[in-house]
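Asker: Below are the structure tokens for one structure; questions will follow.
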Amino acid sequence: MLDFVDRAIAPYPTGNGHPAFFAWINSPPSPAGVIAELLAAAVNATCGMGEHALMDLERGVVRDLAALAGMAPTTGGVLTSGGSMANLLCLGAARTWFLRQRGATDGPAYDQAHARLTAYHSDQAHMSVAKAAAVIGLPPWRLRAVPTTADRRMDVDALRAMVDADHAAGLLPFCVVSNLGSTATGAVDPIEAITGVCRRAGLWHHADGAWGGLGALVPELAPLYRGVDGLDSLTVDPHKTLSVPVGCGAALVTDPSRLRDAFTFRASYLDGDQDWPWMSDYTVELTRPGTRALTLWATLRHLGRSGVADLLQHYQDLARYLRRRVREHPALELCTDGPLPVVCFRLAAGYDTGRPDSQADLHTALASHVQARGRAYLATVRHDGETVLRACVCNYLTTTDDVDTLLQEVQTAADHLW
């Protein structure tokens, strides 16, 4: 087996372990997390049923994660495979909570109410939000994409108008999903203002913070996170910025009983403890790996609160350095300017490609050439109707030397292609 991995697996990775990998929000695993995963796999306990140490550990690390995010002290929840599952669980909890308020959890009342449920997210939302909405039975036409302002944050006035219009049309708005770090540009939606709309109209406020959910720990970002303690739920992915081995996400809910309302089912052969509910009561999974709890605990134990803050600040500092280098570069133009550590940029408008038809696929070809050379890796994204280069910093091994390597590779690719 070791020979096979050495020959056929290890030489062909995704690449996210390399310090010059800037493509997606994938980090290398923390050393403490790697050891913990091996140990938890040997213990081989399911964190869905029964009462044992790893399930108790999960309860504790969920509280720790909620505290790091700045959520209310009552917050609980469950670890998941990642942000997609966490978003699904929180939307499912929001739906059950809303229908319970109306006495419409079953029968004709459920059918009539469910056929009018409407949810909202910004036009910068992660695709997993639409996927989660589809899984809980919400058709695309009742999942509203709210426009964003020039800084890619949700337009709260537009949200308010859309909710009011849907109420007037006889629909049932029940949930708003905001971004705490959009994938494309790192935008953070105005939390308090969106919560205000939700409270006025009786909606659940869920924030997708899979990437940026812990940003309140960074002093320069903290003002953007005012109001996190007023959220109904939050998605956080420890396997992103904390480098916990994949997959480890978290669905955090201010009133965790609302997760249980949505996902608790009983069977005579599975009689859980009502004083200490099994973790399967908070999710769709019954068989669940204990590796999530131990790898998260080990990583947090290794870093400590100050270490988590320092790690997030490290990413901010590198992104600031990259933005400065792009601004200084004669052949490059900056497209976005924060707040999270993702940098979108492009070749300068006056860059002479010598090919009049090349503008549409210019940056796609450039990124592909950088990737093929194998010294650095970045991705592309649509920005203001144009495909541009996108570099995200999410690796504790990355240094300014790696940022310099990335820009050298971009310049080399441009010179080679054009």
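Order determines the names: the first chain of the structure tokens is A, the second B, and so forth; residues in each chain are numbered 1 upward, and ligands are numbered 1 upward as they are shown.
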Excluding segment 301-312 of chain A and any residue of its chain fewer than 2 positions from it, enumerate the residues within 8 Å of it, using only C-alpha atoms, and give them as a list in words.
Answerer: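 Neighbouring residues, sequence-local ones excluded: Ala32, Leu68, Gly215, Leu217, Val218, Thr241, Leu242, Trp297, Ala298, Thr299, His314, Tyr315, Gln316 and Tyr396 of chain A.
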Asker: Could you build a table of the residues in segment 328-351 of chain A lying no more than 9 Å from segment 166-189 of chain A, giving for each the nearest pair of atoms and their separation in Å rounded to one decimal place, using only C-alpha atoms, ordered by chain and ascending residue number, as JSON lines?
Answerer:
```
{"residue": "A:Thr336", "atom": "CA", "partner": "A:Thr185", "partner_atom": "CA", "distance": 6.9}
{"residue": "A:Asp337", "atom": "CA", "partner": "A:Thr185", "partner_atom": "CA", "distance": 8.5}
{"residue": "A:Gly338", "atom": "CA", "partner": "A:Gly186", "partner_atom": "CA", "distance": 6.4}
{"residue": "A:Pro339", "atom": "CA", "partner": "A:Gly186", "partner_atom": "CA", "distance": 6.3}
{"residue": "A:Leu340", "atom": "CA", "partner": "A:Gly186", "partner_atom": "CA", "distance": 4.9}
{"residue": "A:Pro341", "atom": "CA", "partner": "A:Gly186", "partner_atom": "CA", "distance": 7.0}
{"residue": "A:Val342", "atom": "CA", "partner": "A:Gly186", "partner_atom": "CA", "distance": 6.1}
{"residue": "A:Val343", "atom": "CA", "partner": "A:Thr185", "partner_atom": "CA", "distance": 7.1}
{"residue": "A:Cys344", "atom": "CA", "partner": "A:Thr185", "partner_atom": "CA", "distance": 7.0}
```
Asker: Using only C-alpha atoms, which protein or nucleic acid residues come within 12 Å of His52 of chain A? Drop anything in the same chain fewer than 3 positions from it, and give the result as a PDB file with N, CA and C atoms, in the first residue's frame.
Answerer:
```
ATOM      1  N   VAL A  43      -9.828   4.581  16.688  1.00  0.00           N
ATOM      2  CA  VAL A  43     -10.921   4.446  17.662  1.00  0.00           C
ATOM      3  C   VAL A  43     -12.190   3.987  16.958  1.00  0.00           C
ATOM      4  N   ASN A  44     -12.460   4.566  15.758  1.00  0.00           N
ATOM      5  CA  ASN A  44     -13.519   4.105  14.854  1.00  0.00           C
ATOM      6  C   ASN A  44     -14.916   4.188  15.461  1.00  0.00           C
ATOM      7  N   ALA A  45     -15.188   5.251  16.188  1.00  0.00           N
ATOM      8  CA  ALA A  45     -16.516   5.428  16.773  1.00  0.00           C
ATOM      9  C   ALA A  45     -17.371   6.306  15.863  1.00  0.00           C
ATOM     10  N   THR A  46     -18.653   5.982  15.755  1.00  0.00           N
ATOM     11  CA  THR A  46     -19.555   6.858  15.040  1.00  0.00           C
ATOM     12  C   THR A  46     -20.039   7.957  15.978  1.00  0.00           C
ATOM     13  N   CYS A  47     -20.007   9.191  15.499  1.00  0.00           N
ATOM     14  CA  CYS A  47     -20.490  10.310  16.312  1.00  0.00           C
ATOM     15  C   CYS A  47     -21.944  10.615  15.993  1.00  0.00           C
ATOM     16  N   GLY A  48     -22.704   9.578  15.713  1.00  0.00           N
ATOM     17  CA  GLY A  48     -24.127   9.760  15.477  1.00  0.00           C
ATOM     18  C   GLY A  48     -24.973   9.217  16.615  1.00  0.00           C
ATOM     19  N   MET A  49     -24.580   8.076  17.164  1.00  0.00           N
ATOM     20  CA  MET A  49     -25.413   7.442  18.179  1.00  0.00           C
ATOM     21  C   MET A  49     -24.532   6.898  19.299  1.00  0.00           C
ATOM     22  N   MET A  55     -18.167  11.872  20.963  1.00  0.00           N
ATOM     23  CA  MET A  55     -19.388  12.655  20.818  1.00  0.00           C
ATOM     24  C   MET A  55     -19.397  13.811  21.818  1.00  0.00           C
ATOM     25  N   ASP A  56     -18.944  13.543  23.015  1.00  0.00           N
ATOM     26  CA  ASP A  56     -18.864  14.615  24.004  1.00  0.00           C
ATOM     27  C   ASP A  56     -17.848  15.671  23.576  1.00  0.00           C
ATOM     28  N   LEU A  57     -16.742  15.215  22.971  1.00  0.00           N
ATOM     29  CA  LEU A  57     -15.745  16.150  22.466  1.00  0.00           C
ATOM     30  C   LEU A  57     -16.336  17.032  21.375  1.00  0.00           C
ATOM     31  N   GLU A  58     -17.173  16.463  20.522  1.00  0.00           N
ATOM     32  CA  GLU A  58     -17.809  17.258  19.462  1.00  0.00           C
ATOM     33  C   GLU A  58     -18.674  18.364  20.043  1.00  0.00           C
ATOM     34  N   ARG A  59     -19.431  18.060  21.078  1.00  0.00           N
ATOM     35  CA  ARG A  59     -20.245  19.108  21.717  1.00  0.00           C
ATOM     36  C   ARG A  59     -19.361  20.263  22.179  1.00  0.00           C
ATOM     37  N   ASP A 273     -30.457   9.549  24.604  1.00  0.00           N
ATOM     38  CA  ASP A 273     -30.566  10.214  25.896  1.00  0.00           C
ATOM     39  C   ASP A 273     -31.115  11.616  25.678  1.00  0.00           C
ATOM     40  N   TRP A 276     -28.812  14.397  27.131  1.00  0.00           N
ATOM     41  CA  TRP A 276     -27.628  14.592  26.297  1.00  0.00           C
ATOM     42  C   TRP A 276     -27.931  14.009  24.914  1.00  0.00           C
ATOM     43  N   PRO A 277     -28.627  14.773  24.076  1.00  0.00           N
ATOM     44  CA  PRO A 277     -29.082  14.228  22.785  1.00  0.00           C
ATOM     45  C   PRO A 277     -27.909  13.759  21.922  1.00  0.00           C
ATOM     46  N   TRP A 278     -28.144  12.666  21.218  1.00  0.00           N
ATOM     47  CA  TRP A 278     -27.147  12.185  20.278  1.00  0.00           C
ATOM     48  C   TRP A 278     -26.954  13.219  19.171  1.00  0.00           C
ATOM     49  N   MET A 279     -25.770  13.266  18.585  1.00  0.00           N
ATOM     50  CA  MET A 279     -25.490  14.244  17.545  1.00  0.00           C
ATOM     51  C   MET A 279     -26.305  13.986  16.282  1.00  0.00           C
ATOM     52  N   GLY A 290     -15.938  10.142  13.738  1.00  0.00           N
ATOM     53  CA  GLY A 290     -15.423  10.850  14.910  1.00  0.00           C
ATOM     54  C   GLY A 290     -14.169  11.646  14.614  1.00  0.00           C
TER      55      GLY A 290
END
```
Asker: Pick the closest to Leu39 of chain A from A:Val410, A:Cys198, A:Val284, A:Ala293: which is it, counting only C-alpha atoms?
Answerer: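 Ranked by minimum distance to Leu39 of chain A, first place goes to A:Ala293.
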Asker: Counting only C-alpha atoms, what is within 10 Å of Val62 of chain A, bar same-chain residues fewer than 2 positions away, as a list in words?
Answerer: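 The neighbour list is Leu57, Glu58, Arg59, Gly60, Asp64, Leu65, Ala66, Ala67, Leu68, Thr75, Gly76, Gly77, Val78, Leu79, Ala250, Ala251, Leu252, Ala293, Leu296 and Trp297 of chain A.
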Asker: Limited to C-alpha atoms, could you put the picked residues into a file as a PDB file, in the first residue's frame?
Answerer:
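selection.pdb, freshly written:
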```pdb
ATOM      1  CA  LEU A  57     -15.745  16.150  22.466  1.00  0.00           C
ATOM      2  CA  GLU A  58     -17.809  17.258  19.462  1.00  0.00           C
ATOM      3  CA  ARG A  59     -20.245  19.108  21.717  1.00  0.00           C
ATOM      4  CA  GLY A  60     -17.304  20.944  23.257  1.00  0.00           C
ATOM      5  CA  ASP A  64     -15.491  26.596  21.071  1.00  0.00           C
ATOM      6  CA  LEU A  65     -16.012  27.323  17.387  1.00  0.00           C
ATOM      7  CA  ALA A  66     -19.168  29.342  18.074  1.00  0.00           C
ATOM      8  CA  ALA A  67     -17.288  31.396  20.674  1.00  0.00           C
ATOM      9  CA  LEU A  68     -14.452  32.102  18.212  1.00  0.00           C
ATOM     10  CA  THR A  75     -25.163  28.482  20.343  1.00  0.00           C
ATOM     11  CA  GLY A  76     -24.768  24.799  19.581  1.00  0.00           C
ATOM     12  CA  GLY A  77     -24.827  22.675  16.495  1.00  0.00           C
ATOM     13  CA  VAL A  78     -23.051  19.882  14.715  1.00  0.00           C
ATOM     14  CA  LEU A  79     -19.933  19.213  12.667  1.00  0.00           C
ATOM     15  CA  ALA A 250     -19.935  23.193  11.111  1.00  0.00           C
ATOM     16  CA  ALA A 251     -23.584  24.205  11.309  1.00  0.00           C
ATOM     17  CA  LEU A 252     -23.888  26.594  14.262  1.00  0.00           C
ATOM     18  CA  ALA A 293     -14.245  16.270  16.410  1.00  0.00           C
ATOM     19  CA  LEU A 296     -10.757  20.139  15.116  1.00  0.00           C
ATOM     20  CA  TRP A 297      -9.951  19.795  18.828  1.00  0.00           C
TER      21      TRP A 297
END
```
Asker: Could you pull the residues within 12 Å of segment 102-112 of chain A, counting only C-alpha atoms, minus those fewer than 3 positions along the same chain, as a PyMOL selection string?
Answerer: chain A and resi 95-99+115-117+137+170-172+174+202+261-262
Asker: How would the residues just chosen look if you wrote them out with C-alpha atoms as a PDB file, in the first residue's frame?
Answerer:
```
ATOM      1  CA  ARG A  95     -37.937  25.929   7.155  1.00  0.00           C
ATOM      2  CA  THR A  96     -39.108  23.765  10.066  1.00  0.00           C
ATOM      3  CA  TRP A  97     -38.937  26.734  12.471  1.00  0.00           C
ATOM      4  CA  PHE A  98     -40.976  28.922  10.130  1.00  0.00           C
ATOM      5  CA  LEU A  99     -43.636  26.289   9.477  1.00  0.00           C
ATOM      6  CA  ALA A 115     -45.785  25.802  -1.897  1.00  0.00           C
ATOM      7  CA  ARG A 116     -45.328  29.499  -1.056  1.00  0.00           C
ATOM      8  CA  LEU A 117     -42.016  29.474   0.852  1.00  0.00           C
ATOM      9  CA  GLY A 137     -37.919  21.364  -2.095  1.00  0.00           C
ATOM     10  CA  GLY A 170     -49.158  36.017  -1.111  1.00  0.00           C
ATOM     11  CA  LEU A 171     -45.800  34.242  -0.817  1.00  0.00           C
ATOM     12  CA  LEU A 172     -44.125  33.286   2.456  1.00  0.00           C
ATOM     13  CA  PHE A 174     -38.863  32.581   5.499  1.00  0.00           C
ATOM     14  CA  GLY A 202     -40.275  37.353  10.698  1.00  0.00           C
ATOM     15  CA  ASP A 261     -36.908  19.990  15.660  1.00  0.00           C
ATOM     16  CA  ALA A 262     -35.961  19.501  12.017  1.00  0.00           C
TER      17      ALA A 262
END
```
Asker: Figure out the distance between atom CA of Pro219 of chain A and atom CA of Val381 of chain A, please, to one decimal in Å.
Answerer: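 Spanning atom CA of Val381 of chain A to atom CA of Pro219 of chain A is a straight-line distance of 28.2 Å.
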Asker: DSSP on the backbone: which residues in segment 82-296 of chain A end up as helix (DSSP H, G or I)? Give the answer as a ChimeraX atom specification.
Answerer: /A:83-101,107-114,127-135,140-142,156-168,191-201,215-217,222-225,228-230,238-241,257-263,279-282,291-296
Asker: Sorted by chain and rising residue number, list the residues of segment 47-121 of chain A at most 10 Å from segment 207-213 of chain A (counting only C-alpha atoms), each with its closest atom pair and distance in Å to one decimal, as JSON lines.
Answerer:
```
{"residue": "A:Leu65", "atom": "CA", "partner": "A:Gly213", "partner_atom": "CA", "distance": 9.8}
{"residue": "A:Ala66", "atom": "CA", "partner": "A:Gly213", "partner_atom": "CA", "distance": 9.6}
{"residue": "A:Leu68", "atom": "CA", "partner": "A:Gly213", "partner_atom": "CA", "distance": 9.1}
{"residue": "A:Ala69", "atom": "CA", "partner": "A:Gly213", "partner_atom": "CA", "distance": 6.2}
{"residue": "A:Gly70", "atom": "CA", "partner": "A:Gly213", "partner_atom": "CA", "distance": 9.3}
{"residue": "A:Gly82", "atom": "CA", "partner": "A:Ala210", "partner_atom": "CA", "distance": 7.9}
{"residue": "A:Gly83", "atom": "CA", "partner": "A:Ala210", "partner_atom": "CA", "distance": 5.4}
{"residue": "A:Ser84", "atom": "CA", "partner": "A:Ala210", "partner_atom": "CA", "distance": 8.8}
{"residue": "A:Ala86", "atom": "CA", "partner": "A:Ala210", "partner_atom": "CA", "distance": 8.7}
{"residue": "A:Asn87", "atom": "CA", "partner": "A:Asp208", "partner_atom": "CA", "distance": 7.0}
{"residue": "A:Cys90", "atom": "CA", "partner": "A:Ala207", "partner_atom": "CA", "distance": 9.3}
{"residue": "A:His121", "atom": "CA", "partner": "A:Ala207", "partner_atom": "CA", "distance": 9.6}
```
Asker: Kindly export the residues of the current selection with C-alpha atoms, as a tab-separated table (two decimals), in the first residue's frame.
Answerer:
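Okay, again27.tsv is ready:
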```tsv
chain	number	residue	atom	x	y	z
A	65	LEU	CA	-16.01	27.32	17.39
A	66	ALA	CA	-19.17	29.34	18.07
A	68	LEU	CA	-14.45	32.10	18.21
A	69	ALA	CA	-17.02	33.28	15.67
A	70	GLY	CA	-18.60	35.64	18.21
A	82	GLY	CA	-18.28	20.91	4.83
A	83	GLY	CA	-20.13	24.11	4.06
A	84	SER	CA	-22.57	22.52	1.60
A	86	ALA	CA	-23.96	22.93	6.89
A	87	ASN	CA	-25.95	25.26	4.62
A	90	CYS	CA	-29.44	25.43	8.49
A	121	HIS	CA	-29.45	35.28	-1.02
```
Asker: Would you list the contacts of segment 371-378 of chain A as a list in words, taking every protein, DNA or RNA residue within 7 Å and counting only C-alpha atoms, but skipping same-chain residues closer than 6 positions in sequence?
Answerer: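 So, after excluding close chain neighbours, the residues are Ala20, Phe21, Phe22, Ala23, Arg390, Ala391, Thr405, Leu406 and Glu409 of chain A.
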Asker: Could you please write out, as a PyMOL selection string, every residue of segment 6-195 of chain A that DSSP assigns to strand (DSSP E or B)?
Answerer: chain A and resi 21+46+76-80+117-122+143-146+148+154+172-180+188
Asker: Closest to Ile35 of chain A among A:Glu328, A:Thr364, A:Leu294, A:Asp404, using only C-alpha atoms?
Answerer: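 Checking each candidate against Ile35 of chain A, we get A:Leu294 as the closest.
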Asker: Give me the residues within 6 Å of Ser81 of chain A as a list in words, counting only C-alpha atoms and dropping any in the same chain fewer than 3 places off.
Answerer: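 Surrounding residues, per the criterion: Gly247, Cys248 and Gly249 of chain A.
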